[in-house]
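Text of data19.cif (mmCIF, C-alpha atoms) as supplied:
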data_work
#
loop_
_atom_site.label_atom_id
_atom_site.label_comp_id
_atom_site.auth_asym_id
_atom_site.auth_seq_id
_atom_site.Cartn_x
_atom_site.Cartn_y
_atom_site.Cartn_z
CA MET A 23 -202.72 -142.11 -30.29
CA SER A 24 -199.86 -142.56 -27.81
CA GLY A 25 -199.06 -145.91 -26.27
CA PRO A 26 -198.95 -146.85 -22.60
CA THR A 27 -196.53 -145.15 -20.21
CA PRO A 28 -194.70 -147.80 -18.18
CA PRO A 29 -192.40 -146.92 -15.28
CA ARG A 30 -188.84 -145.98 -16.18
CA VAL A 31 -187.53 -146.95 -12.75
CA VAL A 32 -188.68 -149.82 -10.54
CA VAL A 33 -187.62 -149.88 -6.89
CA VAL A 34 -187.85 -152.94 -4.65
CA LEU A 35 -188.06 -151.94 -0.99
CA ALA A 36 -186.73 -154.90 0.98
CA LYS A 37 -185.05 -156.22 4.11
CA GLU A 38 -182.03 -158.46 4.06
CA PRO A 39 -183.48 -161.95 4.72
CA VAL A 40 -181.88 -162.47 8.13
CA PRO A 41 -183.45 -165.05 10.51
CA GLY A 42 -185.32 -163.35 13.31
CA LYS A 43 -185.59 -160.02 11.46
CA VAL A 44 -187.90 -160.86 8.56
CA LYS A 45 -191.34 -162.46 8.43
CA THR A 46 -191.50 -162.42 12.22
CA ARG A 47 -195.26 -163.06 12.19
CA LEU A 48 -194.53 -166.50 10.73
CA ILE A 49 -192.24 -167.40 13.63
CA GLY A 50 -194.00 -169.85 15.89
CA GLU A 51 -195.55 -171.89 13.12
CA LEU A 52 -192.11 -171.74 11.48
CA THR A 53 -188.60 -171.37 12.86
CA PRO A 54 -186.73 -168.09 12.29
CA ASP A 55 -184.57 -169.83 9.68
CA GLU A 56 -187.64 -171.16 7.84
CA ALA A 57 -189.36 -167.78 7.91
CA ALA A 58 -186.20 -166.17 6.52
CA ALA A 59 -186.01 -168.82 3.79
CA LEU A 60 -189.55 -167.94 2.71
CA ALA A 61 -188.66 -164.25 2.77
CA GLN A 62 -185.60 -164.88 0.63
CA ALA A 63 -187.67 -166.89 -1.86
CA ALA A 64 -190.28 -164.11 -2.08
CA LEU A 65 -187.55 -161.51 -2.56
CA ALA A 66 -185.89 -163.61 -5.28
CA ASP A 67 -189.19 -163.92 -7.16
CA THR A 68 -189.76 -160.18 -6.85
CA LEU A 69 -186.28 -159.29 -8.09
CA GLU A 70 -186.65 -161.71 -11.00
CA ALA A 71 -189.99 -160.19 -11.97
CA VAL A 72 -188.43 -156.72 -12.01
CA ASP A 73 -185.38 -158.02 -13.89
CA ASP A 74 -187.71 -159.35 -16.61
CA LEU A 75 -189.09 -155.87 -17.34
CA PRO A 76 -187.59 -154.37 -20.50
CA GLY A 77 -186.02 -150.94 -20.52
CA VAL A 78 -186.27 -150.03 -16.83
CA ARG A 79 -183.68 -148.98 -14.28
CA ARG A 80 -183.70 -151.46 -11.41
CA VAL A 81 -183.08 -150.32 -7.85
CA LEU A 82 -183.01 -152.30 -4.61
CA ALA A 83 -183.60 -150.05 -1.58
CA LEU A 84 -182.24 -152.35 1.10
CA ASP A 85 -182.42 -152.47 4.88
CA GLY A 86 -179.31 -154.54 5.56
CA ARG A 87 -176.40 -155.78 3.50
CA PRO A 88 -176.57 -157.04 -0.08
CA GLY A 89 -175.54 -160.62 -0.77
CA PRO A 90 -175.00 -162.90 -3.75
CA TRP A 91 -178.79 -163.10 -4.06
CA VAL A 92 -178.87 -159.62 -5.68
CA PRO A 93 -179.06 -160.11 -9.46
CA PRO A 94 -176.72 -158.23 -11.80
CA GLY A 95 -178.16 -154.96 -13.09
CA PHE A 96 -179.65 -153.77 -9.80
CA THR A 97 -178.37 -150.62 -8.14
CA VAL A 98 -178.41 -151.19 -4.38
CA VAL A 99 -179.06 -148.16 -2.15
CA PRO A 100 -179.58 -148.07 1.62
CA GLN A 101 -182.96 -147.20 3.03
CA VAL A 102 -183.14 -143.95 4.97
CA ALA A 103 -183.69 -144.03 8.72
CA GLY A 104 -187.17 -143.80 10.21
CA GLY A 105 -190.53 -145.44 9.82
CA LEU A 106 -191.85 -147.05 6.67
CA ASP A 107 -193.46 -143.79 5.54
CA ARG A 108 -190.05 -142.08 5.55
CA ARG A 109 -188.30 -145.03 3.95
CA ILE A 110 -190.74 -145.03 1.04
CA ALA A 111 -190.42 -141.26 0.64
CA GLY A 112 -186.63 -141.55 0.79
CA ALA A 113 -186.57 -144.16 -1.95
CA PHE A 114 -188.54 -141.90 -4.28
CA ASP A 115 -186.32 -138.94 -3.38
CA HIS A 116 -183.29 -141.03 -4.36
CA VAL A 117 -184.52 -142.23 -7.74
CA LEU A 118 -186.53 -139.17 -8.82
CA GLY A 119 -184.75 -136.32 -7.04
CA PRO A 120 -182.43 -133.74 -8.66
CA ASP A 121 -179.66 -136.30 -9.10
CA GLY A 122 -182.00 -139.15 -10.00
CA HIS A 123 -183.69 -140.46 -13.13
CA PRO A 124 -186.66 -139.27 -15.19
CA GLY A 125 -189.95 -140.68 -13.95
CA PRO A 126 -192.30 -142.26 -13.60
CA ALA A 127 -191.05 -144.64 -10.92
CA LEU A 128 -192.78 -147.62 -9.33
CA LEU A 129 -191.96 -148.95 -5.85
CA VAL A 130 -192.91 -152.48 -4.74
CA GLY A 131 -192.29 -154.52 -1.61
CA MET A 132 -190.87 -158.02 -1.20
CA ASP A 133 -194.03 -159.72 0.10
CA THR A 134 -195.91 -160.36 -3.15
CA PRO A 135 -193.92 -162.93 -5.15
CA GLN A 136 -196.92 -163.37 -7.47
CA LEU A 137 -196.63 -159.79 -8.80
CA GLY A 138 -194.89 -160.57 -12.11
CA PRO A 139 -197.86 -160.48 -14.52
CA LEU A 140 -199.18 -157.25 -12.97
CA LEU A 141 -195.85 -155.43 -13.25
CA ARG A 142 -195.86 -155.76 -17.01
CA ALA A 143 -199.26 -154.03 -17.19
CA VAL A 144 -198.50 -150.94 -15.06
CA ASP A 145 -199.47 -147.86 -17.08
CA PHE A 146 -199.16 -144.21 -16.00
CA THR A 147 -200.94 -142.86 -19.09
CA ASP A 148 -203.09 -139.86 -18.06
CA HIS A 149 -202.25 -140.45 -14.38
CA ASP A 150 -199.82 -138.89 -11.93
CA ALA A 151 -199.61 -141.89 -9.60
CA VAL A 152 -200.50 -145.55 -9.35
CA LEU A 153 -201.41 -147.54 -6.24
CA GLY A 154 -201.86 -151.27 -5.76
CA LEU A 155 -203.90 -152.09 -2.67
CA ALA A 156 -203.28 -155.24 -0.65
CA ASP A 157 -205.92 -157.56 0.73
CA ASP A 158 -204.89 -156.83 4.34
CA GLY A 159 -205.58 -153.10 4.01
CA GLY A 160 -202.06 -152.02 3.06
CA TYR A 161 -200.61 -151.63 -0.41
CA TRP A 162 -198.15 -153.64 -2.48
CA ALA A 163 -197.11 -150.97 -4.98
CA VAL A 164 -197.07 -147.21 -5.35
CA GLY A 165 -195.79 -145.13 -8.24
CA LEU A 166 -195.14 -141.45 -8.88
CA ARG A 167 -193.98 -139.20 -11.68
CA ARG A 168 -192.27 -136.78 -9.27
CA PRO A 169 -191.05 -137.17 -5.68
CA ASP A 170 -192.84 -135.47 -2.80
CA PRO A 171 -192.13 -136.59 0.78
CA ALA A 172 -195.38 -134.99 1.95
CA LEU A 173 -197.27 -137.72 0.07
CA PHE A 174 -195.96 -140.30 2.58
CA HIS A 175 -194.82 -138.66 5.80
CA GLY A 176 -197.37 -139.34 8.52
CA VAL A 177 -199.41 -141.91 6.61
CA PRO A 178 -200.12 -144.72 9.13
CA MET A 179 -198.22 -147.78 8.01
CA SER A 180 -198.76 -151.52 8.62
CA GLU A 181 -202.36 -150.95 9.69
CA PRO A 182 -205.70 -152.01 8.19
CA VAL A 183 -206.28 -148.40 7.04
CA THR A 184 -202.89 -147.89 5.37
CA GLY A 185 -203.97 -148.37 1.77
CA GLN A 186 -207.02 -146.14 2.05
CA ALA A 187 -205.05 -143.48 3.92
CA GLN A 188 -202.38 -143.50 1.23
CA LEU A 189 -204.98 -143.23 -1.52
CA GLU A 190 -206.59 -140.28 0.24
CA ARG A 191 -203.21 -138.59 0.65
CA LEU A 192 -202.43 -138.95 -3.06
CA ARG A 193 -205.84 -137.73 -4.16
CA GLY A 194 -205.82 -134.97 -1.57
CA ALA A 195 -202.66 -133.63 -3.23
CA GLY A 196 -204.57 -133.34 -6.49
CA LEU A 197 -202.96 -136.35 -8.15
CA ARG A 198 -204.79 -138.48 -10.68
CA VAL A 199 -204.40 -142.02 -9.31
CA ARG A 200 -204.71 -145.24 -11.27
CA LEU A 201 -205.55 -148.21 -9.06
CA LEU A 202 -203.70 -151.43 -9.85
CA PRO A 203 -205.28 -154.84 -9.23
CA PRO A 204 -205.13 -155.87 -5.55
CA LEU A 205 -202.77 -158.57 -4.32
CA ARG A 206 -202.39 -160.59 -1.16
CA ASP A 207 -199.09 -160.12 0.62
CA VAL A 208 -197.47 -162.66 2.93
CA ASP A 209 -197.76 -161.98 6.65
CA THR A 210 -199.24 -165.21 8.04
CA VAL A 211 -199.11 -168.91 7.17
CA ALA A 212 -202.60 -168.61 5.68
CA ASP A 213 -201.30 -165.83 3.42
CA ALA A 214 -198.31 -167.98 2.47
CA ALA A 215 -200.54 -170.89 1.49
CA ALA A 216 -202.82 -168.67 -0.61
CA VAL A 217 -199.96 -166.92 -2.39
CA ALA A 218 -198.22 -170.22 -3.13
CA ARG A 219 -201.44 -171.51 -4.71
CA ALA A 220 -201.76 -168.33 -6.77
CA ALA A 221 -198.20 -168.61 -8.13
CA PRO A 222 -197.31 -172.31 -8.24
CA GLY A 223 -194.24 -171.88 -10.44
CA THR A 224 -192.40 -169.48 -8.14
CA ARG A 225 -189.47 -170.05 -5.80
CA PHE A 226 -191.81 -169.03 -3.03
CA ALA A 227 -194.26 -171.80 -3.86
CA ARG A 228 -191.47 -174.37 -3.92
CA ALA A 229 -190.11 -173.14 -0.59
CA TRP A 230 -193.60 -173.21 0.93
CA ALA A 231 -194.21 -176.74 -0.33
CA GLY A 232 -191.34 -177.95 1.83
CA LEU A 233 -192.77 -176.29 4.95
CA SER A 234 -196.52 -176.22 4.50
CA HIS A 235 -197.42 -179.56 6.06
CA ARG A 236 -195.92 -178.73 9.42
CA ALA A 237 -196.89 -175.04 9.37
CA MET A 238 -200.54 -175.67 8.54
CA ALA A 239 -200.70 -178.56 11.02
CA GLY A 240 -199.53 -176.19 13.74
CA THR A 241 -202.21 -173.69 12.76
CA ARG A 242 -204.92 -176.36 12.93
CA GLU A 243 -203.72 -177.40 16.38
CA GLU A 244 -204.05 -173.82 17.63
CA LEU A 245 -207.63 -173.73 16.38
CA THR A 246 -208.71 -176.96 18.11
#
Can you give me the file's structure in the form of structure tokens?
Amino acid sequence: MSGPTPPRVVVVLAKEPVPGKVKTRLIGELTPDEAAALAQAALADTLEAVDDLPGVRRVLALDGRPGPWVPPGFTVVPQVAGGLDRRIAGAFDHVLGPDGHPGPALLVGMDTPQLGPLLRAVDFTDHDAVLGLADDGGYWAVGLRRPDPALFHGVPMSEPVTGQAQLERLRGAGLRVRLLPPLRDVDTVADAAAVARAAPGTRFARAWAGLSHRAMAGTREELT
């Protein structure tokens, strides 16, 4: 009996944590600098979780410029131009294309700093793809054995139907899809509070602890 089939390559799809360009839905309750600090903490937790995986190639597909926050051992590649559907497809083309690495490959975002325990359990055995749905209707992870841009191009992104549409696209191509456990990603202050509670030992939780009193107070004021 064969053992599990973990990913050979893990890609983190991320934005450079620049104030005003990341976590813009948090701005208002938080300043642009504070929102960027949370984004950088979430990205650091994500990169650390990937770095802790044994025997994988680590790739950061980055929108922006790398900084000293990129750990050793990560290959940094630029994201392709276009919408998120094309950027995801481009990342898989890079790591699994003719000049890339043997699959399978897993791609994750930077908005789920609590993902560490789930990464270590990803298993492609008897499946062609994996997909981790997010609580807001999107997805936090997707994995493939072979690249195929048609699996992503035209899938509506950043919408409540994104995860289901992506699942239907994968299954419609005849792929056997393993669903990973769902996670909550960070878009709002309520998300930030919930994720910090779920992963109290993370950089993200520590960063949120320094901001949560004022952020949540501002949310309560809007509701009254």
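Against this structure, the PyMOL selection byres ((chain A and resi 90-94) around 10) ends up with Glu38, Gln62, Ala63, Leu65, Ala66, Leu69, Glu70, Asp73, Arg80, Leu82, Pro88, Gly89, Gly95, Phe96, Thr97 and Val98 of chain A.
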Would you save the residues from that selection as a JSON list (two decimals), in the frame of the given file, using C-alpha atoms?
[["chain", "number", "residue", "atom", "x", "y", "z"],
["A", 38, "GLU", "CA", -182.03, -158.46, 4.06],
["A", 62, "GLN", "CA", -185.60, -164.88, 0.63],
["A", 63, "ALA", "CA", -187.67, -166.89, -1.86],
["A", 65, "LEU", "CA", -187.55, -161.51, -2.56],
["A", 66, "ALA", "CA", -185.89, -163.61, -5.28],
["A", 69, "LEU", "CA", -186.28, -159.29, -8.09],
["A", 70, "GLU", "CA", -186.65, -161.71, -11.00],
["A", 73, "ASP", "CA", -185.38, -158.02, -13.89],
["A", 80, "ARG", "CA", -183.70, -151.46, -11.41],
["A", 82, "LEU", "CA", -183.01, -152.30, -4.61],
["A", 88, "PRO", "CA", -176.57, -157.04, -0.08],
["A", 89, "GLY", "CA", -175.54, -160.62, -0.77],
["A", 95, "GLY", "CA", -178.16, -154.96, -13.09],
["A", 96, "PHE", "CA", -179.65, -153.77, -9.80],
["A", 97, "THR", "CA", -178.37, -150.62, -8.14],
["A", 98, "VAL", "CA", -178.41, -151.19, -4.38]]
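CA of Val211 (chain A) lies 28.5 Å from CA of Gly165 (chain A).
Each of A:Val44, A:Gly50, A:Gly154, A:Arg167 was checked against Val31 (chain A) using all atoms listed in the file; the smallest atom-to-atom distance is that of A:Arg167.
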Atom pair CA of Pro100 (chain A) + CA of Asp85 (chain A), distance 6.2 Å
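Nearest to Pro178 (chain A) of all the residues A:Leu106, A:Leu202, A:Ala163, A:Ala59 is A:Leu106, counting only C-alpha atoms.
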Evaluating the PyMOL selection byres ((chain A and resi 172) around 12) on the displayed file yields which residues, as a ChimeraX atom specification?
/A:107-108,110-112,114-115,168-171,173-177,188,191-192,194-195
Exactly which residues make up the result of the PyMOL selection byres ((chain A and resi 229) around 10) on this file, given as an mmCIF file with C-alpha atoms, keeping the file's coordinate frame?
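Result file is out-v2.cif:
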data_model
loop_
_atom_site.group_PDB
_atom_site.id
_atom_site.type_symbol
_atom_site.label_atom_id
_atom_site.label_comp_id
_atom_site.auth_asym_id
_atom_site.auth_seq_id
_atom_site.Cartn_x
_atom_site.Cartn_y
_atom_site.Cartn_z
ATOM 1 C CA GLU A 56 -187.640 -171.160 7.840
ATOM 2 C CA ALA A 59 -186.010 -168.820 3.790
ATOM 3 C CA LEU A 60 -189.550 -167.940 2.710
ATOM 4 C CA ALA A 61 -188.660 -164.250 2.770
ATOM 5 C CA GLN A 62 -185.600 -164.880 0.630
ATOM 6 C CA ALA A 63 -187.670 -166.890 -1.860
ATOM 7 C CA ALA A 64 -190.280 -164.110 -2.080
ATOM 8 C CA ALA A 218 -198.220 -170.220 -3.130
ATOM 9 C CA THR A 224 -192.400 -169.480 -8.140
ATOM 10 C CA ARG A 225 -189.470 -170.050 -5.800
ATOM 11 C CA PHE A 226 -191.810 -169.030 -3.030
ATOM 12 C CA ALA A 227 -194.260 -171.800 -3.860
ATOM 13 C CA ARG A 228 -191.470 -174.370 -3.920
ATOM 14 C CA TRP A 230 -193.600 -173.210 0.930
ATOM 15 C CA ALA A 231 -194.210 -176.740 -0.330
ATOM 16 C CA GLY A 232 -191.340 -177.950 1.830
ATOM 17 C CA LEU A 233 -192.770 -176.290 4.950
ATOM 18 C CA SER A 234 -196.520 -176.220 4.500
#
Among the residues A:Ser180, A:Arg193, A:Gln101, A:Pro139, the one that comes closest to Ala220 (chain A) [using all atoms listed in the file]
A:Pro139
Can I get region 145-156 of chain A with all heavy atoms filled in, as a short mmCIF file (atom, residue, chain, number, x, y, z; two decimals), in the frame of the given file?
data_model
loop_
_atom_site.label_atom_id
_atom_site.label_comp_id
_atom_site.auth_asym_id
_atom_site.auth_seq_id
_atom_site.Cartn_x
_atom_site.Cartn_y
_atom_site.Cartn_z
N ASP A 145 -199.35 -148.90 -16.05
CA ASP A 145 -199.47 -147.86 -17.08
C ASP A 145 -199.81 -146.53 -16.39
O ASP A 145 -200.82 -146.42 -15.71
CB ASP A 145 -200.57 -148.25 -18.07
CG ASP A 145 -200.72 -147.27 -19.20
OD1 ASP A 145 -199.89 -146.34 -19.32
OD2 ASP A 145 -201.69 -147.40 -19.97
N PHE A 146 -198.95 -145.54 -16.57
CA PHE A 146 -199.16 -144.21 -16.00
C PHE A 146 -199.91 -143.27 -16.95
O PHE A 146 -200.11 -142.10 -16.62
CB PHE A 146 -197.82 -143.57 -15.66
CG PHE A 146 -197.20 -144.03 -14.37
CD1 PHE A 146 -196.46 -145.20 -14.33
CD2 PHE A 146 -197.33 -143.29 -13.20
CE1 PHE A 146 -195.86 -145.63 -13.15
CE2 PHE A 146 -196.74 -143.70 -12.03
CZ PHE A 146 -196.00 -144.87 -11.99
N THR A 147 -200.31 -143.75 -18.11
CA THR A 147 -200.94 -142.86 -19.09
C THR A 147 -202.11 -142.09 -18.46
O THR A 147 -203.02 -142.68 -17.86
CB THR A 147 -201.46 -143.68 -20.29
OG1 THR A 147 -200.37 -144.38 -20.88
CG2 THR A 147 -202.08 -142.77 -21.33
N ASP A 148 -202.06 -140.76 -18.58
CA ASP A 148 -203.09 -139.86 -18.06
C ASP A 148 -203.23 -139.90 -16.55
O ASP A 148 -204.26 -139.48 -16.00
CB ASP A 148 -204.46 -140.16 -18.70
CG ASP A 148 -204.46 -139.95 -20.20
OD1 ASP A 148 -203.73 -139.05 -20.67
OD2 ASP A 148 -205.15 -140.70 -20.91
N HIS A 149 -202.22 -140.41 -15.84
CA HIS A 149 -202.25 -140.45 -14.38
C HIS A 149 -200.92 -139.95 -13.82
O HIS A 149 -199.87 -140.08 -14.45
CB HIS A 149 -202.54 -141.87 -13.88
CG HIS A 149 -203.93 -142.32 -14.15
ND1 HIS A 149 -204.33 -142.79 -15.39
CD2 HIS A 149 -205.04 -142.36 -13.35
CE1 HIS A 149 -205.62 -143.10 -15.34
NE2 HIS A 149 -206.07 -142.85 -14.11
N ASP A 150 -201.00 -139.39 -12.61
CA ASP A 150 -199.82 -138.89 -11.93
C ASP A 150 -199.23 -139.92 -10.98
O ASP A 150 -198.06 -139.81 -10.58
CB ASP A 150 -200.17 -137.64 -11.11
CG ASP A 150 -200.87 -136.59 -11.94
OD1 ASP A 150 -200.27 -136.13 -12.93
OD2 ASP A 150 -202.02 -136.23 -11.60
N ALA A 151 -200.04 -140.89 -10.58
CA ALA A 151 -199.61 -141.89 -9.60
C ALA A 151 -200.37 -143.18 -9.84
O ALA A 151 -201.45 -143.18 -10.46
CB ALA A 151 -199.87 -141.39 -8.17
N VAL A 152 -199.79 -144.27 -9.36
CA VAL A 152 -200.50 -145.55 -9.35
C VAL A 152 -200.40 -146.12 -7.94
O VAL A 152 -199.46 -145.84 -7.19
CB VAL A 152 -199.92 -146.55 -10.37
CG1 VAL A 152 -200.06 -146.03 -11.79
CG2 VAL A 152 -198.47 -146.88 -10.06
N LEU A 153 -201.39 -146.94 -7.57
CA LEU A 153 -201.41 -147.54 -6.24
C LEU A 153 -202.04 -148.92 -6.33
O LEU A 153 -203.13 -149.07 -6.89
CB LEU A 153 -202.21 -146.67 -5.27
CG LEU A 153 -202.22 -147.12 -3.81
CD1 LEU A 153 -200.84 -146.98 -3.18
CD2 LEU A 153 -203.24 -146.31 -3.00
N GLY A 154 -201.33 -149.92 -5.81
CA GLY A 154 -201.86 -151.27 -5.76
C GLY A 154 -202.20 -151.64 -4.33
O GLY A 154 -201.31 -151.77 -3.48
N LEU A 155 -203.47 -151.77 -4.03
CA LEU A 155 -203.90 -152.09 -2.67
C LEU A 155 -203.70 -153.57 -2.37
O LEU A 155 -203.76 -154.41 -3.26
CB LEU A 155 -205.37 -151.71 -2.48
CG LEU A 155 -205.69 -150.22 -2.68
CD1 LEU A 155 -207.20 -149.99 -2.58
CD2 LEU A 155 -204.95 -149.36 -1.67
N ALA A 156 -203.45 -153.87 -1.10
CA ALA A 156 -203.28 -155.24 -0.65
C ALA A 156 -204.52 -155.70 0.10
O ALA A 156 -205.26 -154.89 0.67
CB ALA A 156 -202.05 -155.36 0.24
#
